[in-house]
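Heads up: the structure comes next, in structure tokens.
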Amino acid sequence: MRVHARAAVAAAAALLVGAAVAVSPTLVPPAGAAAGCLVDYQVNQWTGGFTAAVRVTAGDAAVNGWTVTWTYGGDQRVTNGWNAAVTQAGAAVTARNAAWNGSLPAGGSTEFGVQGTYSASNAAPTGFTLNGEPCNGAGPTTPPPTTVPPTSVPPTSVPPTSAPPTSAPPTSPPPPTGCGSAAFCDGFESQEGGAPSGVWSVSYPDCQGAGTATVDTTTAHSGAKSVRVNGATGYCNHVFVGTTSGVSGLGAVRFARFWVRHTTALPQQHVTFLAMRDANDGNRDLRMGGQNGALQWNRASDDATLPEQSPSGVALSLPLATNRWTCVEFTVDGSQGHLRTWVDGAEVAGLVADGTPTHDIDGQWSSRANWRPSLTDLRLGWESYGEGADTLWFDDVAMSTTRIGC
Ligand code: CA
């Protein structure tokens, strides 16, 4: 979807260029600091929400302080932004530079981002301007940003002219999406270099083969970075990027949320993309992955599955969508041995262990009445046991004592 959105924006820009040339070949944009500017808007969306990475490129002159505007084509509502102060009035959005990124040399660029919601339509925005000048080759007939009521500007906004003359890196990375009050929340934006580091470490459980886990800067759910897992078939290719940070403080009842984007549909045979070591189960893993094409939980110690892998049980789970970011949430109640799962905010009936054995769902799972997991880490990656190779990205990982949301 990211690639498609980029292509769509590029196509729209090309159309705008073509239209300006064909209809008004004599029109020349008025001289100004932003003449020839570009604004590239790349959206990642899911049901009801989106993030967008916006790259603004100065035109034929340097810019000292920038204001970028656009007009949404749907009912989008911006709820958050990073690397810019973003406000909205109706469909019109105004983004002003942060203290550290206001100065752009001629042809120079910087990136900021927005997060938002929509219900009816996330139609592509149009009418991009930089400091009042139409961008992406649009003619000067584009409405100027003065159509935005001045009351939409919060009084605490930093005037562009206060931006320091020299660029400095942000003092903190953009916030991961939807952390709430999570005890642990990481969007990988502070990662430097290709190998996950800091609170994250890469492990190869059995033997190191073709499986890799790296920090990726080409695909992200929020910000500019994520972790990419190249998962291959076979036990030597198992790979995880894991953390113990914040896990021990969560107590018996814990919630987790992560975003995953994968490439290949879940196979028929068993695979795992999330594993957590259970100190109360001989340090064997509680695993989330897939089987029979649908999401499932698996208990490594006895190979119990949730749901049961009957056709009716599998039908109560669902496939993991490919080539888009999916929000996965779960809770594990170690005091009662309960488990619940949500995908894109909706609970999955087949991925619930509630202590009351239900045929097709948690009948097999509940056969071990004393299952009381005590989880000591969280690992994201790829294990396949018979078949199944996949490329996955993970981003915006959070753990908390309460539900975090998407
Ligand atoms: Ca990220």
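By order of appearance in the structure tokens: chains A, B, ..., then residues from 1 within every chain, and ligands from 1 in the order shown.
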Test item: residues at most 7 Å from Tyr41 (chain A), only C-alpha atoms, excluding those fewer than 2 positions along its chain, as a VMD selection string: chain A and resid 9 39 43 52 to 55
Residues from the last selection, N, CA, C and O atoms, saved as a short mmCIF file (atom, residue, chain, number, x, y, z; two decimals), in the first residue's frame:
data_model
loop_
_atom_site.label_atom_id
_atom_site.label_comp_id
_atom_site.auth_asym_id
_atom_site.auth_seq_id
_atom_site.Cartn_x
_atom_site.Cartn_y
_atom_site.Cartn_z
N VAL A 9 0.55 9.23 -5.61
CA VAL A 9 0.93 10.63 -5.44
C VAL A 9 1.75 11.09 -6.64
O VAL A 9 1.53 12.17 -7.19
N VAL A 39 5.92 18.30 -2.38
CA VAL A 39 5.44 17.67 -1.15
C VAL A 39 5.00 16.26 -1.50
O VAL A 39 4.10 16.07 -2.32
N VAL A 43 1.03 7.42 2.52
CA VAL A 43 0.10 7.01 3.57
C VAL A 43 0.17 5.51 3.81
O VAL A 43 0.34 4.72 2.89
N ALA A 52 0.84 9.07 7.92
CA ALA A 52 1.39 9.52 6.64
C ALA A 52 2.74 10.16 6.90
O ALA A 52 2.91 10.93 7.83
N ALA A 53 3.70 9.79 6.08
CA ALA A 53 5.01 10.42 6.08
C ALA A 53 5.01 11.48 4.98
O ALA A 53 4.68 11.18 3.84
N VAL A 54 5.34 12.70 5.35
CA VAL A 54 5.27 13.81 4.40
C VAL A 54 6.67 14.38 4.22
O VAL A 54 7.31 14.80 5.19
N ARG A 55 7.14 14.35 3.01
CA ARG A 55 8.46 14.92 2.71
C ARG A 55 8.28 16.21 1.93
O ARG A 55 7.66 16.23 0.87
#
Spatial neighbours of region 275-283 of chain A, 10 Å, only C-alpha atoms, chain gap at least 3 places, as an MDAnalysis selection string: chainID A and resid 240 242:244 272 286:289 297:302 334 371:383
DSSP-assigned alpha helix (DSSP H) members of region 266-357 of chain A, reported as a ChimeraX atom specification: /A:311-315
Within 7 Å of ligand 1: each chain A residue with its shortest pair, only C-alpha atoms and all ligand atoms, as CSV:
residue,atom,partner,partner_atom_place_in_ligand_line,distance
A:Pro176,CA,ligand 1,1 (Ca),6.4
A:Gly187,CA,ligand 1,1 (Ca),3.9
A:Phe188,CA,ligand 1,1 (Ca),5.0
A:Glu189,CA,ligand 1,1 (Ca),5.3
A:Ala220,CA,ligand 1,1 (Ca),5.1
A:His221,CA,ligand 1,1 (Ca),5.6
A:Ser222,CA,ligand 1,1 (Ca),4.4
A:Gly223,CA,ligand 1,1 (Ca),4.6
A:Ala224,CA,ligand 1,1 (Ca),5.5
A:Lys225,CA,ligand 1,1 (Ca),4.2
A:Ser226,CA,ligand 1,1 (Ca),4.6
A:Asp395,CA,ligand 1,1 (Ca),5.2
A:Asp396,CA,ligand 1,1 (Ca),6.0
Within 12 Å of Leu295 (chain A) using only C-alpha atoms, minus same-chain residues under 4 positions, as a ChimeraX atom specification: /A:265-274,287-291,305-309,313-321,328,341-343,348-352
Sel. of strand (DSSP E or B) residues, region 175-285 of chain A, as a ChimeraX atom specification: /A:184-186,201-203,212-216,226-231,239-243,253-262,271-278,284-285
Serialized selection, C-alpha atoms, as a CSV table (one decimal), in the first residue's frame:
chain,number,residue,atom,x,y,z
A,184,PHE,CA,7.0,-0.3,27.2
A,185,CYS,CA,6.5,1.3,23.8
A,186,ASP,CA,9.0,1.3,21.0
A,201,SER,CA,18.7,-8.3,20.6
A,202,VAL,CA,18.6,-10.8,17.8
A,203,SER,CA,18.6,-14.5,18.5
A,212,THR,CA,17.6,-12.3,9.4
A,213,ALA,CA,16.2,-9.4,11.5
A,214,THR,CA,17.3,-5.9,10.7
A,215,VAL,CA,16.3,-2.3,11.3
A,216,ASP,CA,14.5,-1.1,8.1
A,226,SER,CA,10.7,-0.7,11.7
A,227,VAL,CA,12.2,-4.1,12.1
A,228,ARG,CA,12.3,-6.4,9.0
A,229,VAL,CA,12.4,-10.1,9.4
A,230,ASN,CA,13.4,-12.3,6.5
A,231,GLY,CA,12.0,-15.6,7.5
A,239,VAL,CA,15.2,-15.8,13.9
A,240,PHE,CA,13.8,-13.4,16.5
A,241,VAL,CA,14.3,-9.9,17.7
A,242,GLY,CA,13.4,-9.8,21.3
A,243,THR,CA,13.4,-7.8,24.5
A,253,VAL,CA,-2.0,-9.7,33.7
A,254,ARG,CA,-0.4,-8.1,30.7
A,255,PHE,CA,-1.4,-6.6,27.4
A,256,ALA,CA,0.7,-6.2,24.3
A,257,ARG,CA,0.1,-4.5,21.0
A,258,PHE,CA,2.3,-4.6,17.9
A,259,TRP,CA,1.9,-3.8,14.2
A,260,VAL,CA,2.9,-6.4,11.7
A,261,ARG,CA,3.0,-6.2,7.9
A,262,HIS,CA,3.8,-9.4,6.1
A,271,VAL,CA,4.5,-21.2,11.8
A,272,THR,CA,5.3,-18.7,14.6
A,273,PHE,CA,6.0,-15.0,14.4
A,274,LEU,CA,5.7,-14.1,18.2
A,275,ALA,CA,7.2,-16.1,21.0
A,276,MET,CA,7.3,-15.5,24.8
A,277,ARG,CA,9.3,-17.7,27.2
A,278,ASP,CA,7.1,-19.1,30.0
A,284,ARG,CA,9.0,-23.3,26.8
A,285,ASP,CA,7.5,-20.7,24.5
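For Leu250 (chain A), the set of protein, DNA and RNA residues having any atom at most 8 Å away, when counting only C-alpha atoms and skipping those fewer than 3 positions along the same chain, is Ala183, Gly246, Val247, Val253, Arg254, Met399, Ser400 and Thr401 of chain A.
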Emit the selected residues as an mmCIF file, in the first residue's frame, including N, CA, C and O atoms.
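Output (again_7.cif):
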data_model
loop_
_atom_site.group_PDB
_atom_site.id
_atom_site.type_symbol
_atom_site.label_atom_id
_atom_site.label_comp_id
_atom_site.auth_asym_id
_atom_site.auth_seq_id
_atom_site.Cartn_x
_atom_site.Cartn_y
_atom_site.Cartn_z
ATOM 1 N N ALA A 183 3.773 0.664 29.597
ATOM 2 C CA ALA A 183 5.037 0.603 30.320
ATOM 3 C C ALA A 183 6.207 0.494 29.350
ATOM 4 O O ALA A 183 7.299 0.974 29.614
ATOM 5 N N GLY A 246 11.011 -4.036 30.470
ATOM 6 C CA GLY A 246 9.673 -3.729 30.951
ATOM 7 C C GLY A 246 8.788 -4.923 31.197
ATOM 8 O O GLY A 246 7.689 -4.782 31.720
ATOM 9 N N VAL A 247 9.249 -6.115 30.841
ATOM 10 C CA VAL A 247 8.375 -7.284 30.927
ATOM 11 C C VAL A 247 8.130 -7.686 32.375
ATOM 12 O O VAL A 247 7.002 -7.985 32.778
ATOM 13 N N VAL A 253 -1.061 -10.073 34.818
ATOM 14 C CA VAL A 253 -1.970 -9.743 33.709
ATOM 15 C C VAL A 253 -1.301 -8.703 32.841
ATOM 16 O O VAL A 253 -0.976 -7.610 33.297
ATOM 17 N N ARG A 254 -1.077 -9.056 31.615
ATOM 18 C CA ARG A 254 -0.381 -8.125 30.739
ATOM 19 C C ARG A 254 -1.068 -8.041 29.388
ATOM 20 O O ARG A 254 -1.720 -8.971 28.948
ATOM 21 N N MET A 399 3.751 -2.785 25.508
ATOM 22 C CA MET A 399 3.276 -3.699 26.553
ATOM 23 C C MET A 399 2.784 -2.870 27.721
ATOM 24 O O MET A 399 3.357 -1.815 28.040
ATOM 25 N N SER A 400 1.723 -3.349 28.373
ATOM 26 C CA SER A 400 1.112 -2.565 29.424
ATOM 27 C C SER A 400 0.331 -3.463 30.345
ATOM 28 O O SER A 400 0.129 -4.662 30.081
ATOM 29 N N THR A 401 -0.139 -2.899 31.462
ATOM 30 C CA THR A 401 -1.020 -3.636 32.375
ATOM 31 C C THR A 401 -2.485 -3.477 31.988
ATOM 32 O O THR A 401 -3.355 -4.103 32.570
#
Pairwise distance for CA of Ser366 (chain A) and CA of Cys406 (chain A), rounded to one decimal in Å: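 Value for the CA of Ser366 (chain A)-CA of Cys406 (chain A) distance: 28.7 Å.
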Distance of CA of Ser109 (chain A) from CA of Leu38 (chain A), expressed in Å to one decimal place: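 So the answer is 8.8 Å.
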Minimum-distance residue to Asn292 (chain A), chosen among A:Gly388, A:Gly107, A:Gly180, A:Gly81 (using only C-alpha atoms): A:Gly388
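Counting only C-alpha atoms, the residue from A:Gly178, A:Pro125, A:Gly65, A:Gly132 that sits nearest to Val397 (chain A) is A:Gly178.
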Enumerate, in order of chain and increasing residue number, the residues of region 33-100 of chain A with an atom no farther than 6 Å from region 115-123 of chain A, each with its shortest atom pair and distance in Å to one decimal, counting only C-alpha atoms, as a tab-separated table.
residue	atom	partner	partner_atom	distance
A:Gly48	CA	A:Tyr118	CA	5.1
A:Gly49	CA	A:Thr117	CA	4.1
A:Phe50	CA	A:Gly116	CA	5.5
A:Thr51	CA	A:Gln115	CA	4.2
A:Gly73	CA	A:Ala123	CA	4.9
A:Gly74	CA	A:Ser121	CA	4.6
A:Asp75	CA	A:Tyr118	CA	5.5
A:Gln76	CA	A:Tyr118	CA	4.5
A:Arg77	CA	A:Thr117	CA	5.3
A:Val78	CA	A:Gly116	CA	4.1
A:Thr79	CA	A:Gly116	CA	4.8
A:Asn80	CA	A:Gln115	CA	5.0
A:Gly81	CA	A:Gln115	CA	5.9
